[in-house]
Amino acid sequence: MLFLLPDFYKMEHLIEDLPVLDGSEACETFTVSKDQDTGKKRKLYIESYGCQMNFSDSEIVASILHKEGFDTTSEIQLADVVFLNTCSIREKAEQTVRNRLTQINTLKKQKPDLLVGILGCMAERLKSKWLEEERIVDLVAGPDAYRDLPKLIEQVDEGEKAVNTFLSREETYADISPVRLNSNGVTAFISIMRGCDNMCTFCVVPFTRGRERSRDPHSIVAEAKDLFERGYREVTLLGQNVDSYKWSSEENNKSLLEKKGINEVVNFAGLLEMVAQVNPLLRVRFSTSHPKDITDDVLYTMARYENICKYIHLPVQSGNSRILELMNRGYTQEWYLNKVKRIREILGEDCGLSSDMITGFCSETEEEHQDTLSLMNQVQFDFAYMFFYSERPGTLAAKKYPDDVPEEVKKRRLQEIIQLQTRHSLQRNRLDVGKVHQVLIEGYSKKSTDFLQGRNSANKVIVFPKEDFTKGQYIDVLVHDCTGATLLGKGVH
Ligand code: SAH
Ligand code: SF4
Ligand code: F3S
């Protein structure tokens with residue numbers, strides 16, 4: 001055995017890559033579809049950009065098209081249909097997709113029958129403009145139009161271009177069982193709601209994803225149960241603002257109970273409890289929480305169930321109350337700090353806490369930027385995604401406030417918060433050294449098959465020697481070292 005008496009000092013080369021701290025890069029990450037071989041006639045290749053909601057939607061798309069004679073492929077050269085599931089959150093995210101289209105154009109020249117489609121948020125934002133701007137695009141489908149894809153593809157097969165960017169008030173794809181495209185077989189995402197009603201002034205999401213709607217809790221629980229039975233051990237409940245999840249049988253008119261005259265109402269705390277009860281061995285996570293909406297009820301529910309992970313992604317965006325008001329976030333600096341205090345009172349200091357931050361929002365002064373640094377010092381986030389403000393056409397900020405912080409100032413402020421966050425991540429990780437953590441094993445470490453990795457309840461990645469441990473198992477790991485991104489340890493027998 002290679003590491004009979006592991007020399008941990010030499011483990012440095014195993015340390016995982018530093019997390020992507022400059023969020024402007026984060027949108028460049030994408031996943032491609034896996035290889036499915038069930039003998040279907042045509043091959044579908046999907047690349048997904050942006051947030052987890054998009055990745056989750058690609059799994060719904062794959063499921064819809066599987067029934068229509070498509071297997072997915074991870075090789076674009078083999079594809080009959082290429083879909084880019086796109087993101088509009090920042091200008092850079094859109095640019096990435098445009099660059100990719102230029103590359104795909106070369107392929108289309110060799111293979112003129114290749115169908116190229118744009119899905120997701122950029123499809124919704126630009127609608128039929130795609131067909132004027134990029135001749136390579138044959139099909140455009142917004143996030144609520146995926147059931148229509150078979151028909152749209154047929155239209156293209158018949159020699160026409162096809163567009164559907166209709167936004168729905170009801171669509172949740174509740175009945176569609178997603179094809180897990182990038183699965184490790186242990187952790188999975190479950191979409192619990194769609195759209196967003198918050199209207200943060202900088203944000204394009206309410207325009208690209210439409211009105212907020214919650215999915216039937218029974219279909220969510222059924223999906224979680226099915227995943228558990230198939231060996232999965234962790235689910236992450238997804239929504240732009242999970243704390244405003246609200247489903248009632250009366251409004252949705254779908255429940256049997258409603259027919260019996262009983263109105264069943266489920267809020268997010270209720271849903272969390274229902275999913276936590278599926279099985280004590282099924283971990284439950286969720287994202288994203290909104291500081292103005294997360295309730296004590298949710299925090300107490302988290303405290304009551306050991307299998308609900310003690311980790312909250314609670315984006316603050318700015319530490320200054322005037323900027324928060326301009327952003328229409330619905331809370332002040334004091335409110336946010338009080339929420340953090342409450343979280344730590346109810347769930348303890350070890351509860352993982354992460355954030356998103358935007359620097360250089362319209363009219364942000366140097367002092368106001370200092371307030372963000374000061375808030376970060378007070379909270380000490382475990383992790384953060386950090387961005388500089390990118391004006392998005394059509395948003396309230398684009399209409400009302402000039403984008404007046406010079407780019408070099410935005411970037412300098414961004415560097416300052418990244419540097420501070422890097423320090424905090426390391427400090428917070430150091431607090432975990434010397435402790436035993438329960439880890440759900442997700443697979444091999446990125447850098448060596450002699451090591452495995454998984455996460456603790458607080459969402460920290462922990463790498464440890466493989467020994468005889470296997471994927472999907474819960475084990476205790478004694479952590480003896482760390483970087484800002486990873487904890488290093490050894491399984492306790
Ligand atoms: N629903 C989540 C966030 C969704 S978008 C929430 O409310 O927190 C993910 C992150 O992108 C946001 O939290 C914000 O930090 C960032 N973001 C959104 N619009 C942006 C813009 N116009 N410029 C820069 N960053 C932006
Ligand atoms: Fe965008 Fe705000 Fe909705 Fe998040 S809560 S998706 S930032 S509008
Ligand atoms: Fe991007 Fe749309 Fe998600 S804009 S961040 S893919 S909701």
# chains A, B, ... in the order shown; residues from 1 in each chain; ligands from 1
>>> residues_around(residues="Gln378 of chain A", least_positions_apart="6", cutoff="12 Å", atoms="only C-alpha atoms", output="VMD selection string")
chain A and resid 319 333 to 334 336 to 338 340 to 341 371 to 372 420 to 421 424
>>> select_by_dssp(residues="segment 108-216 of chain A", states="strand (DSSP E)", output="list in words")
Leu115, Val116, Gly117, Ile118, Leu119, Gly120, Leu139, Val140, Ala141, Ala162, Val163, Asn164, Thr187, Ala188, Phe189, Ile190, Ser191, Met193, Arg194, Arg213 and Ser214 of chain A
>>> write_last_selection(atoms="all heavy atoms", output="compact mmCIF listing (two decimals), in the first residue's frame")
# COMPACT_ATOMS: atom_id res chain seq x y z
N LEU A 115 -28.39 20.37 -36.12
CA LEU A 115 -29.38 21.34 -35.61
C LEU A 115 -28.77 22.04 -34.39
O LEU A 115 -28.36 21.39 -33.44
CB LEU A 115 -30.66 20.59 -35.23
CG LEU A 115 -31.89 21.43 -34.84
CD1 LEU A 115 -33.16 20.59 -35.00
CD2 LEU A 115 -31.83 21.97 -33.44
N VAL A 116 -28.71 23.37 -34.41
CA VAL A 116 -28.13 24.12 -33.29
C VAL A 116 -29.23 24.91 -32.59
O VAL A 116 -29.94 25.70 -33.23
CB VAL A 116 -27.02 25.08 -33.78
CG1 VAL A 116 -26.44 25.89 -32.62
CG2 VAL A 116 -25.91 24.28 -34.47
N GLY A 117 -29.37 24.67 -31.29
CA GLY A 117 -30.44 25.34 -30.54
C GLY A 117 -29.90 26.10 -29.34
O GLY A 117 -28.93 25.69 -28.70
N ILE A 118 -30.55 27.24 -29.04
CA ILE A 118 -30.20 28.03 -27.86
C ILE A 118 -31.33 27.86 -26.85
O ILE A 118 -32.50 28.12 -27.16
CB ILE A 118 -30.05 29.53 -28.20
CG1 ILE A 118 -28.95 29.74 -29.24
CG2 ILE A 118 -29.78 30.37 -26.95
CD1 ILE A 118 -27.56 29.51 -28.74
N LEU A 119 -30.98 27.40 -25.63
CA LEU A 119 -31.97 27.25 -24.57
C LEU A 119 -31.61 28.20 -23.42
O LEU A 119 -30.57 28.84 -23.43
CB LEU A 119 -31.96 25.81 -24.02
CG LEU A 119 -31.95 24.63 -24.99
CD1 LEU A 119 -31.99 23.33 -24.19
CD2 LEU A 119 -33.14 24.70 -25.93
N GLY A 120 -32.47 28.25 -22.41
CA GLY A 120 -32.14 28.95 -21.17
C GLY A 120 -32.32 30.45 -21.22
O GLY A 120 -33.11 30.99 -22.00
N LEU A 139 -32.91 27.02 -33.62
CA LEU A 139 -34.01 26.85 -32.68
C LEU A 139 -33.72 27.65 -31.41
O LEU A 139 -32.59 27.69 -30.94
CB LEU A 139 -34.10 25.34 -32.36
CG LEU A 139 -35.09 24.79 -31.37
CD1 LEU A 139 -35.38 23.33 -31.69
CD2 LEU A 139 -34.64 24.92 -29.93
N VAL A 140 -34.78 28.29 -30.87
CA VAL A 140 -34.63 29.07 -29.63
C VAL A 140 -35.76 28.65 -28.69
O VAL A 140 -36.93 28.72 -29.06
CB VAL A 140 -34.76 30.59 -29.93
CG1 VAL A 140 -34.57 31.41 -28.65
CG2 VAL A 140 -33.74 31.04 -30.99
N ALA A 141 -35.40 28.19 -27.47
CA ALA A 141 -36.44 27.78 -26.52
C ALA A 141 -36.13 28.31 -25.14
O ALA A 141 -35.06 28.05 -24.58
CB ALA A 141 -36.57 26.25 -26.48
N ALA A 162 -37.30 27.67 -35.56
CA ALA A 162 -38.32 27.48 -34.54
C ALA A 162 -38.00 28.26 -33.27
O ALA A 162 -36.87 28.23 -32.79
CB ALA A 162 -38.43 25.99 -34.21
N VAL A 163 -39.03 28.98 -32.74
CA VAL A 163 -38.83 29.78 -31.52
C VAL A 163 -40.01 29.59 -30.58
O VAL A 163 -41.16 29.67 -31.01
CB VAL A 163 -38.75 31.30 -31.86
CG1 VAL A 163 -38.49 32.13 -30.59
CG2 VAL A 163 -37.69 31.60 -32.90
N ASN A 164 -39.75 29.33 -29.30
CA ASN A 164 -40.78 29.41 -28.27
C ASN A 164 -40.16 29.97 -27.00
O ASN A 164 -39.32 29.32 -26.37
CB ASN A 164 -41.41 28.03 -28.00
CG ASN A 164 -42.57 28.15 -27.00
OD1 ASN A 164 -42.74 29.18 -26.34
ND2 ASN A 164 -43.38 27.10 -26.90
N THR A 187 -24.93 12.29 -5.07
CA THR A 187 -25.59 13.56 -4.78
C THR A 187 -26.40 14.01 -6.01
O THR A 187 -25.98 13.79 -7.14
CB THR A 187 -24.57 14.66 -4.45
OG1 THR A 187 -23.70 14.84 -5.58
CG2 THR A 187 -23.73 14.31 -3.24
N ALA A 188 -27.55 14.62 -5.76
CA ALA A 188 -28.39 15.07 -6.89
C ALA A 188 -29.12 16.35 -6.52
O ALA A 188 -29.29 16.67 -5.33
CB ALA A 188 -29.41 13.99 -7.24
N PHE A 189 -29.53 17.09 -7.54
CA PHE A 189 -30.27 18.33 -7.33
C PHE A 189 -31.74 18.10 -7.65
O PHE A 189 -32.07 17.39 -8.59
CB PHE A 189 -29.73 19.42 -8.25
CG PHE A 189 -28.34 19.85 -7.87
CD1 PHE A 189 -27.23 19.23 -8.41
CD2 PHE A 189 -28.15 20.87 -6.94
CE1 PHE A 189 -25.94 19.61 -8.03
CE2 PHE A 189 -26.88 21.25 -6.56
CZ PHE A 189 -25.77 20.63 -7.11
N ILE A 190 -32.60 18.71 -6.85
CA ILE A 190 -34.04 18.64 -7.12
C ILE A 190 -34.57 20.07 -7.21
O ILE A 190 -34.43 20.84 -6.25
CB ILE A 190 -34.80 17.88 -6.02
CG1 ILE A 190 -34.27 16.46 -5.85
CG2 ILE A 190 -36.30 17.88 -6.31
CD1 ILE A 190 -35.02 15.62 -4.82
N SER A 191 -35.14 20.39 -8.33
CA SER A 191 -35.69 21.73 -8.51
C SER A 191 -37.03 21.81 -7.79
O SER A 191 -37.93 21.01 -8.05
CB SER A 191 -35.81 21.92 -10.02
OG SER A 191 -36.35 23.15 -10.28
N MET A 193 -38.76 24.93 -7.22
CA MET A 193 -39.55 26.08 -7.67
C MET A 193 -38.87 26.69 -8.89
O MET A 193 -37.73 26.37 -9.19
CB MET A 193 -39.68 27.12 -6.55
CG MET A 193 -38.36 27.62 -6.03
SD MET A 193 -38.45 28.17 -4.31
CE MET A 193 -39.45 29.64 -4.50
N ARG A 194 -39.58 27.57 -9.58
CA ARG A 194 -39.00 28.24 -10.74
C ARG A 194 -39.31 29.72 -10.68
O ARG A 194 -40.24 30.13 -10.00
CB ARG A 194 -39.56 27.63 -12.04
CG ARG A 194 -39.26 26.16 -12.18
CD ARG A 194 -39.79 25.59 -13.47
NE ARG A 194 -39.04 26.06 -14.62
CZ ARG A 194 -37.90 25.54 -15.05
NH1 ARG A 194 -37.35 24.53 -14.40
NH2 ARG A 194 -37.30 26.02 -16.12
N ARG A 213 -42.99 30.25 -9.01
CA ARG A 213 -44.02 29.24 -8.78
C ARG A 213 -43.38 28.04 -8.10
O ARG A 213 -42.21 27.71 -8.37
CB ARG A 213 -44.75 28.83 -10.07
CG ARG A 213 -43.85 28.19 -11.11
CD ARG A 213 -44.18 28.78 -12.49
NE ARG A 213 -43.24 29.77 -12.89
CZ ARG A 213 -42.43 29.65 -13.98
NH1 ARG A 213 -42.47 28.58 -14.71
NH2 ARG A 213 -41.60 30.62 -14.30
N SER A 214 -44.15 27.42 -7.20
CA SER A 214 -43.61 26.31 -6.40
C SER A 214 -44.13 24.98 -6.92
O SER A 214 -45.28 24.88 -7.34
CB SER A 214 -44.00 26.48 -4.94
OG SER A 214 -43.44 27.67 -4.44
>>> residues_near_ligand(ligand="ligand 2", cutoff="10 Å", atoms="only C-alpha atoms and all ligand atoms", output="ChimeraX atom specification")
/A:89,195-209,211-212,239-242,288-292,315-317,327-330,356,395
>>> residues_around(residues="Asp476 of chain A", least_positions_apart="5", cutoff="10 Å", atoms="only C-alpha atoms", output="PDB file with N, CA, C and O atoms, in the first residue's frame")
ATOM      1  N   LYS A 435     -10.434  18.211  14.387  1.00  0.00           N
ATOM      2  CA  LYS A 435     -11.774  17.699  14.725  1.00  0.00           C
ATOM      3  C   LYS A 435     -12.155  16.533  13.820  1.00  0.00           C
ATOM      4  O   LYS A 435     -11.653  16.422  12.698  1.00  0.00           O
ATOM      5  N   VAL A 436     -13.097  15.721  14.303  1.00  0.00           N
ATOM      6  CA  VAL A 436     -13.618  14.613  13.500  1.00  0.00           C
ATOM      7  C   VAL A 436     -14.899  15.084  12.810  1.00  0.00           C
ATOM      8  O   VAL A 436     -15.768  15.678  13.446  1.00  0.00           O
ATOM      9  N   HIS A 437     -14.974  14.854  11.486  1.00  0.00           N
ATOM     10  CA  HIS A 437     -16.138  15.300  10.713  1.00  0.00           C
ATOM     11  C   HIS A 437     -16.815  14.107  10.058  1.00  0.00           C
ATOM     12  O   HIS A 437     -16.122  13.228   9.537  1.00  0.00           O
ATOM     13  N   GLN A 438     -18.141  14.107  10.042  1.00  0.00           N
ATOM     14  CA  GLN A 438     -18.830  13.060   9.293  1.00  0.00           C
ATOM     15  C   GLN A 438     -18.858  13.466   7.817  1.00  0.00           C
ATOM     16  O   GLN A 438     -19.261  14.586   7.478  1.00  0.00           O
ATOM     17  N   VAL A 439     -18.378  12.547   6.966  1.00  0.00           N
ATOM     18  CA  VAL A 439     -18.260  12.852   5.537  1.00  0.00           C
ATOM     19  C   VAL A 439     -19.089  11.858   4.730  1.00  0.00           C
ATOM     20  O   VAL A 439     -19.073  10.655   5.013  1.00  0.00           O
ATOM     21  N   LEU A 440     -19.805  12.364   3.746  1.00  0.00           N
ATOM     22  CA  LEU A 440     -20.451  11.476   2.775  1.00  0.00           C
ATOM     23  C   LEU A 440     -19.502  11.386   1.577  1.00  0.00           C
ATOM     24  O   LEU A 440     -19.191  12.410   0.954  1.00  0.00           O
ATOM     25  N   ASN A 456     -18.388  17.598   4.494  1.00  0.00           N
ATOM     26  CA  ASN A 456     -19.014  17.507   5.808  1.00  0.00           C
ATOM     27  C   ASN A 456     -20.351  18.245   5.751  1.00  0.00           C
ATOM     28  O   ASN A 456     -20.723  18.795   4.705  1.00  0.00           O
ATOM     29  N   GLY A 489      -7.618  14.977   5.677  1.00  0.00           N
ATOM     30  CA  GLY A 489      -7.789  14.156   6.870  1.00  0.00           C
ATOM     31  C   GLY A 489      -7.520  12.696   6.624  1.00  0.00           C
ATOM     32  O   GLY A 489      -6.947  12.314   5.595  1.00  0.00           O
ATOM     33  N   LYS A 490      -7.950  11.873   7.618  1.00  0.00           N
ATOM     34  CA  LYS A 490      -7.773  10.424   7.509  1.00  0.00           C
ATOM     35  C   LYS A 490      -8.992   9.759   8.126  1.00  0.00           C
ATOM     36  O   LYS A 490      -9.463  10.208   9.191  1.00  0.00           O
ATOM     37  N   GLY A 491      -9.527   8.746   7.462  1.00  0.00           N
ATOM     38  CA  GLY A 491     -10.711   8.063   7.957  1.00  0.00           C
ATOM     39  C   GLY A 491     -10.453   7.428   9.318  1.00  0.00           C
ATOM     40  O   GLY A 491      -9.373   6.916   9.585  1.00  0.00           O
ATOM     41  N   VAL A 492     -11.470   7.491  10.182  1.00  0.00           N
ATOM     42  CA  VAL A 492     -11.349   6.890  11.512  1.00  0.00           C
ATOM     43  C   VAL A 492     -12.046   5.539  11.461  1.00  0.00           C
ATOM     44  O   VAL A 492     -13.214   5.460  11.082  1.00  0.00           O
ATOM     45  N   HIS A 493     -11.321   4.458  11.827  1.00  0.00           N
ATOM     46  CA  HIS A 493     -11.950   3.127  11.750  1.00  0.00           C
ATOM     47  C   HIS A 493     -12.663   2.793  13.041  1.00  0.00           C
ATOM     48  O   HIS A 493     -12.302   3.258  14.094  1.00  0.00           O
TER      49      HIS A 493
END
>>> residues_near_ligand(ligand="ligand 3", cutoff="6 Å", atoms="only C-alpha atoms and all ligand atoms", output="list in words")
Gly50, Cys51, Met53, Asn54, Cys87, Ser88, Ile89, Cys121 and Val205 of chain A
>>> residues_around(residues="Glu160 of chain A", least_positions_apart="3", cutoff="12 Å", atoms="only C-alpha atoms", output="PyMOL selection string")
chain A and resi 115+131+137-139+151-157+163
>>> write_last_selection(atoms="C-alpha atoms", output="JSON list (two decimals), in the first residue's frame")
[["chain", "number", "residue", "atom", "x", "y", "z"],
["A", 115, "LEU", "CA", -29.38, 21.34, -35.61],
["A", 131, "LEU", "CA", -32.30, 34.26, -35.71],
["A", 137, "VAL", "CA", -29.02, 29.16, -34.75],
["A", 138, "ASP", "CA", -32.00, 27.01, -35.87],
["A", 139, "LEU", "CA", -34.01, 26.85, -32.68],
["A", 151, "LYS", "CA", -42.39, 19.98, -31.91],
["A", 152, "LEU", "CA", -39.75, 22.67, -32.39],
["A", 153, "ILE", "CA", -37.22, 20.10, -33.60],
["A", 154, "GLU", "CA", -39.78, 18.72, -36.02],
["A", 155, "GLN", "CA", -40.31, 22.23, -37.36],
["A", 156, "VAL", "CA", -36.57, 22.58, -37.99],
["A", 157, "ASP", "CA", -36.50, 19.12, -39.63],
["A", 163, "VAL", "CA", -38.83, 29.78, -31.52]]
>>> closest_residue(among="A:Thr236, A:Thr172, A:Ser425, A:Ser448", to="Arg215 of chain A", atoms="only C-alpha atoms")
A:Thr172
>>> atom_distance(atom1="atom CA of Asp297 of chain A", atom2="atom CA of Phe268 of chain A")
9.0 Å
>>> closest_residue(among="A:Ser318, A:Ser374, A:Gln380, A:Ser248", to="ligand 1", atoms="only C-alpha atoms and all ligand atoms")
A:Ser318
>>> closest_residue(among="A:Leu487, A:Leu396, A:Ile358, A:Leu347", to="Leu431 of chain A", atoms="only C-alpha atoms")
A:Leu487
>>> residues_around(residues="Ser168 of chain A", least_positions_apart="5", cutoff="9 Å", atoms="only C-alpha atoms", output="JSON, numbers by chain")
{"A": [144, 145, 210, 211]}
>>> select_by_dssp(residues="segment 273-480 of chain A", states="alpha helix (DSSP H)", output="ChimeraX atom specification")
/A:273-276,296-304,321-326,333-347,366-379,396-400,407-430
>>> closest_residue(among="A:Ile418, A:Val97, A:Ala276, A:Ile176", to="Val61 of chain A", atoms="only C-alpha atoms")
A:Ile176
>>> closest_residue(among="A:Ala485, A:Leu478, A:Leu324, A:Thr165", to="Ala384 of chain A", atoms="only C-alpha atoms")
A:Ala485
